[in-house]
>>> print(open('run.pdb').read())   # PDB, C-alpha atoms
ATOM      1  CA  MET A 101      18.210 -13.006  -7.387
ATOM      2  CA  LYS A 102      21.992 -13.603  -7.322
ATOM      3  CA  ALA A 103      23.184 -10.912  -4.962
ATOM      4  CA  ASN A 104      26.318  -8.796  -5.168
ATOM      5  CA  ILE A 105      27.934  -9.067  -1.729
ATOM      6  CA  LEU A 106      30.690  -7.089   0.011
ATOM      7  CA  VAL A 107      32.567  -8.889   2.808
ATOM      8  CA  VAL A 108      34.487  -6.661   5.240
ATOM      9  CA  ASP A 109      36.791  -8.170   7.887
ATOM     10  CA  ASP A 110      40.338  -7.431   9.036
ATOM     11  CA  GLU A 111      40.960 -11.176   9.588
ATOM     12  CA  ARG A 112      42.073 -12.577   6.261
ATOM     13  CA  SER A 113      41.079 -16.153   7.057
ATOM     14  CA  ILE A 114      37.458 -15.162   7.748
ATOM     15  CA  ARG A 115      37.378 -12.851   4.749
ATOM     16  CA  ASP A 116      38.729 -15.455   2.347
ATOM     17  CA  SER A 117      36.557 -18.259   3.738
ATOM     18  CA  LEU A 118      33.360 -16.231   3.381
ATOM     19  CA  GLU A 119      34.347 -15.195  -0.128
ATOM     20  CA  LEU A 120      34.914 -18.825  -1.146
ATOM     21  CA  VAL A 121      31.661 -20.128   0.378
ATOM     22  CA  LEU A 122      29.542 -17.341  -1.081
ATOM     23  CA  LYS A 123      31.080 -17.649  -4.548
ATOM     24  CA  GLU A 124      30.363 -21.390  -4.516
ATOM     25  CA  GLU A 125      26.684 -20.462  -4.060
ATOM     26  CA  GLY A 126      26.845 -18.296  -7.181
ATOM     27  CA  TYR A 127      27.062 -14.865  -5.531
ATOM     28  CA  GLU A 128      29.258 -12.041  -6.808
ATOM     29  CA  VAL A 129      31.673 -11.244  -3.974
ATOM     30  CA  ALA A 130      34.128  -8.428  -3.257
ATOM     31  CA  THR A 131      36.216  -8.128  -0.087
ATOM     32  CA  ALA A 132      37.698  -5.331   1.991
ATOM     33  CA  SER A 133      40.188  -5.570   4.863
ATOM     34  CA  ASP A 134      38.973  -2.443   6.689
ATOM     35  CA  GLY A 135      36.276   0.213   6.786
ATOM     36  CA  LYS A 136      38.143   2.693   4.599
ATOM     37  CA  GLN A 137      38.585   0.197   1.766
ATOM     38  CA  ALA A 138      34.930  -0.841   2.122
ATOM     39  CA  MET A 139      33.782   2.778   1.728
ATOM     40  CA  GLU A 140      35.808   3.088  -1.481
ATOM     41  CA  LEU A 141      34.220  -0.076  -2.871
ATOM     42  CA  LEU A 142      30.732   1.102  -1.881
ATOM     43  CA  GLN A 143      31.349   4.353  -3.714
ATOM     44  CA  ASN A 144      32.386   2.624  -6.928
ATOM     45  CA  ARG A 145      30.076  -0.399  -7.034
ATOM     46  CA  ASP A 146      26.496  -1.325  -6.204
ATOM     47  CA  PHE A 147      26.106  -3.995  -3.531
ATOM     48  CA  ASP A 148      22.941  -5.752  -2.418
ATOM     49  CA  ILE A 149      24.435  -6.940   0.863
ATOM     50  CA  MET A 150      27.391  -5.987   3.042
ATOM     51  CA  ILE A 151      28.657  -8.468   5.647
ATOM     52  CA  THR A 152      30.957  -6.642   8.046
ATOM     53  CA  ASP A 153      32.859  -7.327  11.243
ATOM     54  CA  LEU A 154      32.285  -4.917  14.115
ATOM     55  CA  LYS A 155      35.789  -4.799  15.588
ATOM     56  CA  MET A 156      38.192  -3.337  13.033
ATOM     57  CA  PRO A 157      41.023  -0.807  13.259
ATOM     58  CA  GLY A 158      40.277   2.721  12.044
ATOM     59  CA  ILE A 159      36.695   2.887  10.834
ATOM     60  CA  ASP A 160      34.857   0.232  12.849
ATOM     61  CA  GLY A 161      31.791  -1.756  11.881
ATOM     62  CA  ILE A 162      29.310   0.619  13.561
ATOM     63  CA  GLN A 163      30.687   3.647  11.693
ATOM     64  CA  LEU A 164      30.756   1.675   8.438
ATOM     65  CA  THR A 165      27.199   0.389   8.941
ATOM     66  CA  ASN A 166      25.899   3.885   9.668
ATOM     67  CA  HIS A 167      27.682   5.287   6.599
ATOM     68  CA  CYS A 168      26.395   2.484   4.365
ATOM     69  CA  LEU A 169      22.760   2.716   5.507
ATOM     70  CA  GLN A 170      22.715   6.514   5.247
ATOM     71  CA  THR A 171      24.487   6.772   1.888
ATOM     72  CA  TYR A 172      23.550   3.507   0.148
ATOM     73  CA  PRO A 173      20.108   2.520   1.502
ATOM     74  CA  GLN A 174      19.721  -0.154  -1.185
ATOM     75  CA  THR A 175      22.562  -2.104   0.508
ATOM     76  CA  SER A 176      21.447  -4.294   3.436
ATOM     77  CA  VAL A 177      23.886  -5.017   6.261
ATOM     78  CA  ILE A 178      24.652  -8.195   8.209
ATOM     79  CA  ILE A 179      26.951  -7.792  11.236
ATOM     80  CA  ILE A 180      29.676 -10.232  12.350
ATOM     81  CA  THR A 181      30.296 -10.011  16.085
ATOM     82  CA  ALA A 182      31.755 -11.910  19.011
ATOM     83  CA  TYR A 183      29.520 -12.824  21.958
ATOM     84  CA  GLY A 184      31.172 -10.157  24.132
ATOM     85  CA  SER A 185      30.218  -7.442  21.609
ATOM     86  CA  LEU A 186      26.548  -8.335  21.467
ATOM     87  CA  GLU A 187      25.476  -4.952  22.844
ATOM     88  CA  THR A 188      27.341  -3.250  19.996
ATOM     89  CA  ALA A 189      25.609  -5.549  17.524
ATOM     90  CA  ILE A 190      22.245  -4.513  18.975
ATOM     91  CA  GLU A 191      23.274  -0.894  18.438
ATOM     92  CA  ALA A 192      23.955  -1.752  14.776
ATOM     93  CA  LEU A 193      20.497  -3.341  14.510
ATOM     94  CA  ARG A 194      18.983  -0.133  15.897
ATOM     95  CA  LEU A 195      20.799   1.760  13.149
ATOM     96  CA  GLY A 196      19.063  -0.460  10.614
ATOM     97  CA  ALA A 197      21.299  -3.517  10.121
ATOM     98  CA  TYR A 198      19.246  -6.536   9.006
ATOM     99  CA  ASP A 199      20.810  -9.280  11.137
ATOM    100  CA  TYR A 200      23.962 -10.396  12.949
ATOM    101  CA  ILE A 201      26.221 -13.467  12.978
ATOM    102  CA  LEU A 202      27.927 -14.620  16.194
ATOM    103  CA  LYS A 203      31.531 -15.817  16.120
ATOM    104  CA  PRO A 204      32.508 -18.595  15.824
ATOM    105  CA  PHE A 205      29.939 -19.192  13.080
ATOM    106  CA  GLU A 206      28.907 -22.072  10.855
ATOM    107  CA  PHE A 207      28.985 -21.258   7.137
ATOM    108  CA  ASP A 208      25.563 -22.885   6.712
ATOM    109  CA  ASP A 209      24.136 -20.341   9.163
ATOM    110  CA  VAL A 210      25.688 -17.509   7.143
ATOM    111  CA  LEU A 211      24.187 -18.852   3.923
ATOM    112  CA  ILE A 212      20.737 -19.188   5.533
ATOM    113  CA  LYS A 213      20.853 -15.582   6.767
ATOM    114  CA  VAL A 214      21.946 -14.370   3.329
ATOM    115  CA  GLN A 215      19.179 -16.381   1.627
ATOM    116  CA  ASN A 216      16.572 -15.031   4.068
ATOM    117  CA  LEU A 217      17.751 -11.481   3.433
ATOM    118  CA  ILE A 218      17.569 -11.968  -0.339
ATOM    119  CA  LYS A 219      14.019 -13.324  -0.047
ATOM    120  CA  HIS A 220      13.146 -10.310   2.125
ATOM    121  CA  LYS A 221      14.573  -7.897  -0.460
ATOM    122  CA  GLU A 222      12.798  -9.699  -3.320
ATOM    123  CA  LEU A 223       9.493  -9.413  -1.448
ATOM    124  CA  ILE A 224      10.031  -5.670  -0.935
ATOM    125  CA  LEU A 225      10.857  -5.213  -4.630
ATOM    126  CA  GLU A 226       7.804  -7.241  -5.620
ATOM    127  CA  ASN A 227       5.557  -5.140  -3.363
ATOM    128  CA  GLN A 228       7.032  -1.932  -4.771
ATOM    129  CA  ALA A 229       6.459  -3.170  -8.327
ATOM    130  CA  LEU A 230       2.852  -4.107  -7.530
ATOM    131  CA  ARG A 231       2.243  -0.697  -5.977
ATOM    132  CA  ARG A 232       3.688   1.034  -9.040
ATOM    133  CA  GLU A 233       1.487  -1.131 -11.275
ATOM    134  CA  ILE A 234      -1.619  -0.321  -9.235
ATOM    135  CA  HIS A 235      -0.812   3.392  -9.177
ATOM    136  CA  ALA A 236      -0.183   3.397 -12.937
ATOM    137  CA  ARG A 237      -3.380   1.466 -13.602
ATOM    138  CA  TYR A 238      -5.510   3.869 -11.628
ATOM    139  CA  ASP A 239      -3.687   7.099 -12.326
ATOM    140  CA  PHE A 240      -6.290   9.706 -13.266
ATOM    141  CA  SER A 241      -4.321  10.504 -16.426
ATOM    142  CA  ASN A 242      -5.125   7.002 -17.724
ATOM    143  CA  ILE A 243      -8.857   7.656 -17.765
ATOM    144  CA  VAL A 244      -9.639   7.989 -21.467
ATOM    145  CA  GLY A 245     -10.732  11.456 -22.526
ATOM    146  CA  GLN A 246      -9.395  14.759 -23.813
ATOM    147  CA  SER A 247     -12.620  16.707 -24.035
ATOM    148  CA  GLN A 248     -12.976  19.891 -22.008
ATOM    149  CA  GLN A 249     -15.465  18.145 -19.711
ATOM    150  CA  MET A 250     -12.979  15.352 -18.928
ATOM    151  CA  LYS A 251     -10.104  17.801 -18.462
ATOM    152  CA  GLU A 252     -12.192  19.469 -15.769
ATOM    153  CA  VAL A 253     -12.818  16.065 -14.179
ATOM    154  CA  PHE A 254      -9.062  15.313 -14.178
ATOM    155  CA  LYS A 255      -8.303  18.635 -12.479
ATOM    156  CA  LEU A 256     -10.937  17.936  -9.851
ATOM    157  CA  ILE A 257      -9.640  14.398  -9.196
ATOM    158  CA  GLU A 258      -6.119  15.737  -8.683
ATOM    159  CA  LYS A 259      -7.369  18.434  -6.319
ATOM    160  CA  VAL A 260      -9.753  16.173  -4.392
ATOM    161  CA  ALA A 261      -7.217  13.341  -3.959
ATOM    162  CA  LYS A 262      -5.110  15.460  -1.580
ATOM    163  CA  THR A 263      -8.052  16.287   0.700
ATOM    164  CA  LYS A 264      -9.756  14.170   3.357
ATOM    165  CA  GLY A 265     -13.335  15.065   2.445
ATOM    166  CA  ASN A 266     -15.948  12.520   1.432
ATOM    167  CA  VAL A 267     -16.727  12.510  -2.284
ATOM    168  CA  LEU A 268     -19.976  11.871  -4.141
ATOM    169  CA  ILE A 269     -19.560  10.846  -7.802
ATOM    170  CA  THR A 270     -22.649  11.169  -9.991
ATOM    171  CA  GLY A 271     -23.259  10.141 -13.572
ATOM    172  CA  LYS A 272     -24.975   7.633 -15.821
ATOM    173  CA  SER A 273     -24.093   3.934 -15.617
ATOM    174  CA  GLY A 274     -20.896   3.209 -17.532
ATOM    175  CA  THR A 275     -19.344   6.667 -17.151
ATOM    176  CA  GLY A 276     -16.462   5.305 -15.036
ATOM    177  CA  LYS A 277     -17.457   6.187 -11.477
ATOM    178  CA  GLU A 278     -15.447   3.393  -9.843
ATOM    179  CA  LEU A 279     -12.399   4.211 -11.985
ATOM    180  CA  VAL A 280     -12.572   7.810 -10.753
ATOM    181  CA  ALA A 281     -12.945   6.596  -7.148
ATOM    182  CA  ARG A 282      -9.859   4.410  -7.480
ATOM    183  CA  ALA A 283      -7.929   7.277  -9.076
ATOM    184  CA  ILE A 284      -8.771   9.485  -6.083
ATOM    185  CA  HIS A 285      -7.677   6.784  -3.627
ATOM    186  CA  TYR A 286      -4.423   5.848  -5.357
ATOM    187  CA  ASN A 287      -3.376   9.493  -5.647
ATOM    188  CA  SER A 288      -4.181  10.248  -1.998
ATOM    189  CA  ASP A 289      -2.295   9.850   1.279
ATOM    190  CA  ARG A 290      -4.259   6.623   1.785
ATOM    191  CA  ALA A 291      -2.826   4.965  -1.336
ATOM    192  CA  ASN A 292      -0.997   2.264   0.644
ATOM    193  CA  LYS A 293      -4.107   1.392   2.649
ATOM    194  CA  PRO A 294      -7.096  -0.696   1.472
ATOM    195  CA  PHE A 295      -9.538   0.388  -1.227
ATOM    196  CA  VAL A 296     -12.765  -1.540  -0.628
ATOM    197  CA  ALA A 297     -15.523  -1.310  -3.241
ATOM    198  CA  ILE A 298     -19.120  -2.284  -2.470
ATOM    199  CA  ASN A 299     -22.042  -2.430  -4.890
ATOM    200  CA  CYS A 300     -24.844  -1.525  -2.478
ATOM    201  CA  GLY A 301     -27.471  -2.605  -4.987
ATOM    202  CA  ALA A 302     -26.091  -6.153  -5.075
ATOM    203  CA  ILE A 303     -26.309  -6.859  -1.321
ATOM    204  CA  VAL A 304     -29.425  -8.493   0.126
ATOM    205  CA  GLY A 305     -31.096  -5.917   2.385
ATOM    206  CA  THR A 306     -31.256  -8.219   5.421
ATOM    207  CA  LEU A 307     -27.504  -8.857   5.236
ATOM    208  CA  MET A 308     -26.406  -5.302   4.505
ATOM    209  CA  GLU A 309     -25.811  -4.260   8.121
ATOM    210  CA  SER A 310     -23.635  -7.327   8.733
ATOM    211  CA  GLU A 311     -21.723  -6.719   5.485
ATOM    212  CA  PHE A 312     -21.075  -3.087   6.410
ATOM    213  CA  PHE A 313     -20.311  -3.360  10.120
ATOM    214  CA  GLY A 314     -19.555  -7.054  10.708
ATOM    215  CA  HIS A 315     -21.171  -9.355  13.237
ATOM    216  CA  LYS A 316     -20.397 -11.399  16.346
ATOM    217  CA  LYS A 317     -20.697 -15.167  16.497
ATOM    218  CA  GLY A 318     -24.249 -16.269  17.356
ATOM    219  CA  SER A 319     -25.819 -12.853  16.713
ATOM    220  CA  PHE A 320     -28.222 -14.394  14.180
ATOM    221  CA  THR A 321     -28.924 -17.725  12.487
ATOM    222  CA  GLY A 322     -25.925 -18.631  10.350
ATOM    223  CA  ALA A 323     -23.458 -16.402  12.260
ATOM    224  CA  ILE A 324     -21.141 -19.287  13.101
ATOM    225  CA  ARG A 325     -18.078 -17.060  13.626
ATOM    226  CA  ASP A 326     -17.125 -13.421  14.104
ATOM    227  CA  LYS A 327     -16.920 -11.505  10.847
ATOM    228  CA  ASP A 328     -15.331  -8.146  10.025
ATOM    229  CA  GLY A 329     -17.447  -5.770   7.971
ATOM    230  CA  TYR A 330     -16.362  -3.608   5.052
ATOM    231  CA  PHE A 331     -15.761  -0.598   7.297
ATOM    232  CA  LYS A 332     -13.229  -2.453   9.431
ATOM    233  CA  ILE A 333     -11.572  -4.042   6.383
ATOM    234  CA  ALA A 334     -11.158  -0.581   4.840
ATOM    235  CA  ASN A 335      -9.850   0.990   8.066
ATOM    236  CA  GLY A 336      -7.179   3.569   7.256
ATOM    237  CA  GLY A 337      -8.141   3.539   3.587
ATOM    238  CA  THR A 338     -11.117   4.256   1.352
ATOM    239  CA  LEU A 339     -14.583   2.721   1.247
ATOM    240  CA  PHE A 340     -16.321   3.056  -2.127
ATOM    241  CA  LEU A 341     -20.118   2.804  -1.898
ATOM    242  CA  ASP A 342     -21.385   2.266  -5.436
ATOM    243  CA  GLU A 343     -25.123   2.823  -5.967
ATOM    244  CA  VAL A 344     -25.351   4.413  -2.526
ATOM    245  CA  GLY A 345     -28.969   5.355  -3.263
ATOM    246  CA  ASP A 346     -29.941   1.692  -2.838
ATOM    247  CA  ILE A 347     -29.074   1.633   0.885
ATOM    248  CA  PRO A 348     -32.312   1.137   2.900
ATOM    249  CA  LEU A 349     -33.407   3.898   5.287
ATOM    250  CA  HIS A 350     -32.848   1.921   8.490
ATOM    251  CA  LEU A 351     -29.205   1.379   7.553
ATOM    252  CA  GLN A 352     -28.732   4.989   6.436
ATOM    253  CA  VAL A 353     -29.081   6.027  10.103
ATOM    254  CA  LYS A 354     -26.234   3.721  11.147
ATOM    255  CA  LEU A 355     -24.109   4.773   8.177
ATOM    256  CA  LEU A 356     -24.556   8.405   9.186
ATOM    257  CA  ARG A 357     -23.473   7.600  12.757
ATOM    258  CA  ALA A 358     -20.379   5.764  11.499
ATOM    259  CA  ILE A 359     -19.393   8.781   9.383
ATOM    260  CA  GLU A 360     -20.118  11.384  12.073
ATOM    261  CA  GLU A 361     -18.621   9.596  15.079
ATOM    262  CA  GLY A 362     -15.952   7.446  13.413
ATOM    263  CA  VAL A 363     -17.198   4.312  15.187
ATOM    264  CA  ILE A 364     -19.071   1.174  14.167
ATOM    265  CA  LEU A 365     -20.924  -1.457  16.170
ATOM    266  CA  PRO A 366     -20.972  -5.009  14.773
ATOM    267  CA  VAL A 367     -24.302  -6.825  14.776
ATOM    268  CA  GLY A 368     -24.593  -8.496  18.182
ATOM    269  CA  GLY A 369     -21.636  -6.522  19.524
ATOM    270  CA  THR A 370     -21.532  -4.311  22.605
ATOM    271  CA  THR A 371     -18.167  -2.572  22.151
ATOM    272  CA  PRO A 372     -17.913   0.198  19.537
ATOM    273  CA  ILE A 373     -14.904  -0.008  17.191
ATOM    274  CA  LYS A 374     -13.101   3.167  16.106
ATOM    275  CA  ILE A 375     -12.515   3.446  12.378
ATOM    276  CA  ASP A 376     -10.779   5.899  10.066
ATOM    277  CA  VAL A 377     -12.308   5.548   6.611
ATOM    278  CA  ARG A 378     -12.757   7.979   3.748
ATOM    279  CA  ILE A 379     -16.096   7.508   2.020
ATOM    280  CA  ILE A 380     -16.367   7.841  -1.746
ATOM    281  CA  SER A 381     -19.886   7.122  -2.919
ATOM    282  CA  ALA A 382     -21.446   6.964  -6.373
ATOM    283  CA  THR A 383     -24.902   6.884  -7.845
ATOM    284  CA  HIS A 384     -26.738   7.187 -11.158
ATOM    285  CA  GLN A 385     -29.888   8.248  -9.278
ATOM    286  CA  ASN A 386     -31.036  11.771  -8.496
ATOM    287  CA  LEU A 387     -30.571  11.747  -4.716
ATOM    288  CA  LYS A 388     -32.372  15.074  -4.273
ATOM    289  CA  LYS A 389     -35.511  13.486  -5.712
ATOM    290  CA  GLN A 390     -34.934  10.464  -3.478
ATOM    291  CA  ILE A 391     -34.876  12.843  -0.498
ATOM    292  CA  GLU A 392     -38.112  14.504  -1.639
ATOM    293  CA  ASN A 393     -39.700  11.060  -1.957
ATOM    294  CA  GLY A 394     -38.562  10.114   1.553
ATOM    295  CA  ASN A 395     -36.194   7.380   0.352
ATOM    296  CA  PHE A 396     -32.905   9.028   1.289
ATOM    297  CA  ARG A 397     -31.856  10.988   4.362
ATOM    298  CA  GLN A 398     -30.951  14.609   3.725
ATOM    299  CA  ASP A 399     -28.369  14.686   6.570
ATOM    300  CA  LEU A 400     -26.596  11.641   5.125
ATOM    301  CA  TYR A 401     -26.669  13.198   1.655
ATOM    302  CA  TYR A 402     -24.792  16.259   2.880
ATOM    303  CA  ARG A 403     -22.286  14.098   4.761
ATOM    304  CA  LEU A 404     -21.532  12.142   1.587
ATOM    305  CA  LYS A 405     -21.320  15.112  -0.802
ATOM    306  CA  VAL A 406     -18.633  17.220   0.860
ATOM    307  CA  ILE A 407     -17.166  17.241  -2.657
ATOM    308  CA  THR A 408     -19.152  16.333  -5.785
ATOM    309  CA  ILE A 409     -17.789  15.080  -9.099
ATOM    310  CA  GLU A 410     -20.293  14.845 -11.943
ATOM    311  CA  LEU A 411     -19.212  12.616 -14.811
ATOM    312  CA  PRO A 412     -20.520  13.564 -18.252
ATOM    313  CA  ALA A 413     -22.289  11.000 -20.412
ATOM    314  CA  LEU A 414     -20.530  10.036 -23.653
ATOM    315  CA  ARG A 415     -23.095  11.918 -25.729
ATOM    316  CA  GLU A 416     -21.891  15.090 -23.978
ATOM    317  CA  ARG A 417     -18.283  14.523 -25.013
ATOM    318  CA  LYS A 418     -18.466  13.029 -28.500
ATOM    319  CA  GLU A 419     -14.919  14.174 -29.313
ATOM    320  CA  ASP A 420     -13.684  11.410 -26.940
ATOM    321  CA  ILE A 421     -15.278   8.637 -29.027
ATOM    322  CA  PRO A 422     -12.259   8.199 -31.395
ATOM    323  CA  LEU A 423      -9.952   7.969 -28.346
ATOM    324  CA  LEU A 424     -12.170   5.321 -26.784
ATOM    325  CA  ILE A 425     -12.264   3.362 -30.060
ATOM    326  CA  MET A 426      -8.433   3.332 -30.205
ATOM    327  CA  HIS A 427      -8.268   2.399 -26.502
ATOM    328  CA  PHE A 428     -10.449  -0.675 -26.988
ATOM    329  CA  ILE A 429      -8.686  -1.676 -30.223
ATOM    330  CA  LYS A 430      -5.352  -1.652 -28.337
ATOM    331  CA  LYS A 431      -6.841  -3.441 -25.339
ATOM    332  CA  TYR A 432      -8.589  -6.235 -27.241
TER     333      TYR A 432
END
>>> encode(input="run.pdb", output="C-alpha cells")
Amino acid sequence: MKANILVVDDERSIRDSLELVLKEEGYEVATASDGKQAMELLQNRDFDIMITDLKMPGIDGIQLTNHCLQTYPQTSVIIITAYGSLETAIEALRLGAYDYILKPFEFDDVLIKVQNLIKHKELILENQALRREIHARYDFSNIVGQSQQMKEVFKLIEKVAKTKGNVLITGKSGTGKELVARAIHYNSDRANKPFVAINCGAIVGTLMESEFFGHKKGSFTGAIRDKDGYFKIANGGTLFLDEVGDIPLHLQVKLLRAIEEGVILPVGGTTPIKIDVRIISATHQNLKKQIENGNFRQDLYYRLKVITIELPALRERKEDIPLLIMHFIKKY
C-alpha cells in the first residue's frame, strides 16, 4: 500500500524536508502551511495519513485533528510536537490520533511510524474484507432454494438471527443444518465473535466432558496441560452442537447446568467459569422418541428448542432441484 499523505506544518523547512523524504519512499505527498489550507485539501482529496504539527497559528493541530477524525475517519493522524507540548499530544491521542513524533526528530523514526501505521491500516482492511467474505458466504440468501418451504426457512432465519434464544434445527442428513446455523450466527449481534461447531457424534464419550468444558493439568491420565473447552472458546459467540442427540445422559446434566446458570466447570477444576454462549443444536433424530426411550432429558430438550427450525428434505421441495443442479455446475 503506497499511502497518500498530507503534511501540515507552518515551518517550511520541516514541511519541505518531510515531503522530500516521504516522496523518496514512493508516497504521494501534499503539504499545507496551516490548518485552514489543510482542511481545504482534506475536502478535495482523499488522504490515508495526515502528519500535522500541534502549534500553528489560526487553526491549531488539536482542532485540525478533531476535524479530520470526525469528518474523514479513513484518514489516520500522526502528531508532531515538541517535548514541552507532550500533554497536548496526549490529548490528541485521546481524540483518536494514531501516534506522535517528538521534535527534533530523525527522519528514519518518521518513516518507521508511517510504515507501522500503513501495516496497521492494511490489517484492518484485510480483517474487514475477511468479515465481508464470511458474511457473504453464510448469508441466508445464499442457501440454495426458492421453494415455498425454503422461503419460510429464510424468513425464520432472518427473524431468529436477531434474537438471543437457543435454536434447535431438525431435518434429514444433508439438508444443510450447519449452513443454517452459520447463517443465524453471521446475521446476529454475535457475528464478530466465534462460531464453534462440534459434531457430538464424532467425539469419544469418555473425552466429551473435557472437550466441552476443558480440563486442568493432571486431572486425568494424559492431561499434561490446561485445556480450554468448546464452551470457553465460543464465549461471546455461538456454539453449534451437531447431532446433539448423541450426547450421553451423564453429560446432558452438565450441559443443562451450563445453559441454565451460564457457568462451566473444567474437569479437575474447582472454580466455575462464567460464559455467554448461544446454543444452536441440530439433529436428524426424533428427540421426543429419545425422551420416551429414556435416552434424552426432557428439561434439556426444552432448553435447546426455544426456537425450532425444521428443514425439509429435498423430496419435499423438488422444484429446487434445477437450482441445485446449476449451483453445483457453477461450483465444480
>>> atom_distance(input="run.pdb", atom1="atom CA of Asn104 of chain A", atom2="atom CA of Met150 of chain A")
8.7 Å
>>> residues_around(input="run.pdb", residues="Arg397 of chain A", least_positions_apart="4", cutoff="9 Å", atoms="only C-alpha atoms", output="VMD selection string")
chain A and resid 349 352 to 353 390 to 391 401 to 402
>>> atom_distance(input="run.pdb", atom1="atom CA of Leu339 of chain A", atom2="atom CA of Lys327 of chain A")
17.3 Å
>>> atom_distance(input="run.pdb", atom1="atom CA of Ile409 of chain A", atom2="atom CA of Phe254 of chain A")
10.1 Å
>>> closest_residue(input="run.pdb", among="A:Asp342, A:Glu125, A:Glu309, A:Glu419", to="Val267 of chain A", atoms="all atoms listed in the file")
A:Asp342
>>> decode(input="run.pdb", residues="segment 268-279 of chain A", atoms="N, CA, C and O atoms", output="PDB file, in the first residue's frame")
ATOM      1  N   LEU A 268     -33.047 -25.023  17.877  1.00  0.00           N
ATOM      2  CA  LEU A 268     -32.898 -26.428  17.517  1.00  0.00           C
ATOM      3  C   LEU A 268     -33.274 -26.585  16.047  1.00  0.00           C
ATOM      4  O   LEU A 268     -34.380 -26.226  15.637  1.00  0.00           O
ATOM      5  N   ILE A 269     -32.324 -27.090  15.246  1.00  0.00           N
ATOM      6  CA  ILE A 269     -32.550 -27.302  13.810  1.00  0.00           C
ATOM      7  C   ILE A 269     -32.725 -28.795  13.580  1.00  0.00           C
ATOM      8  O   ILE A 269     -31.862 -29.597  13.946  1.00  0.00           O
ATOM      9  N   THR A 270     -33.846 -29.182  12.987  1.00  0.00           N
ATOM     10  CA  THR A 270     -34.107 -30.590  12.713  1.00  0.00           C
ATOM     11  C   THR A 270     -34.184 -30.814  11.213  1.00  0.00           C
ATOM     12  O   THR A 270     -34.445 -29.891  10.441  1.00  0.00           O
ATOM     13  N   GLY A 271     -33.954 -32.047  10.814  1.00  0.00           N
ATOM     14  CA  GLY A 271     -34.011 -32.385   9.393  1.00  0.00           C
ATOM     15  C   GLY A 271     -33.112 -33.553   9.084  1.00  0.00           C
ATOM     16  O   GLY A 271     -32.221 -33.906   9.864  1.00  0.00           O
ATOM     17  N   LYS A 272     -33.346 -34.164   7.925  1.00  0.00           N
ATOM     18  CA  LYS A 272     -32.545 -35.308   7.497  1.00  0.00           C
ATOM     19  C   LYS A 272     -31.089 -34.895   7.270  1.00  0.00           C
ATOM     20  O   LYS A 272     -30.786 -33.718   7.051  1.00  0.00           O
ATOM     21  N   SER A 273     -30.188 -35.854   7.295  1.00  0.00           N
ATOM     22  CA  SER A 273     -28.780 -35.594   6.997  1.00  0.00           C
ATOM     23  C   SER A 273     -28.665 -35.018   5.585  1.00  0.00           C
ATOM     24  O   SER A 273     -29.326 -35.504   4.657  1.00  0.00           O
ATOM     25  N   GLY A 274     -27.852 -33.983   5.442  1.00  0.00           N
ATOM     26  CA  GLY A 274     -27.635 -33.382   4.132  1.00  0.00           C
ATOM     27  C   GLY A 274     -28.596 -32.269   3.781  1.00  0.00           C
ATOM     28  O   GLY A 274     -28.533 -31.719   2.678  1.00  0.00           O
ATOM     29  N   THR A 275     -29.463 -31.879   4.717  1.00  0.00           N
ATOM     30  CA  THR A 275     -30.414 -30.792   4.420  1.00  0.00           C
ATOM     31  C   THR A 275     -29.833 -29.411   4.679  1.00  0.00           C
ATOM     32  O   THR A 275     -30.487 -28.408   4.406  1.00  0.00           O
ATOM     33  N   GLY A 276     -28.607 -29.325   5.230  1.00  0.00           N
ATOM     34  CA  GLY A 276     -27.947 -28.034   5.389  1.00  0.00           C
ATOM     35  C   GLY A 276     -28.089 -27.423   6.765  1.00  0.00           C
ATOM     36  O   GLY A 276     -28.136 -26.199   6.911  1.00  0.00           O
ATOM     37  N   LYS A 277     -28.110 -28.271   7.798  1.00  0.00           N
ATOM     38  CA  LYS A 277     -28.332 -27.760   9.160  1.00  0.00           C
ATOM     39  C   LYS A 277     -27.202 -26.848   9.625  1.00  0.00           C
ATOM     40  O   LYS A 277     -27.442 -25.802  10.224  1.00  0.00           O
ATOM     41  N   GLU A 278     -25.954 -27.226   9.346  1.00  0.00           N
ATOM     42  CA  GLU A 278     -24.839 -26.367   9.774  1.00  0.00           C
ATOM     43  C   GLU A 278     -24.833 -25.050   8.997  1.00  0.00           C
ATOM     44  O   GLU A 278     -24.523 -23.990   9.545  1.00  0.00           O
ATOM     45  N   LEU A 279     -25.181 -25.100   7.719  1.00  0.00           N
ATOM     46  CA  LEU A 279     -25.235 -23.871   6.917  1.00  0.00           C
ATOM     47  C   LEU A 279     -26.269 -22.897   7.486  1.00  0.00           C
ATOM     48  O   LEU A 279     -26.028 -21.693   7.564  1.00  0.00           O
TER      49      LEU A 279
END
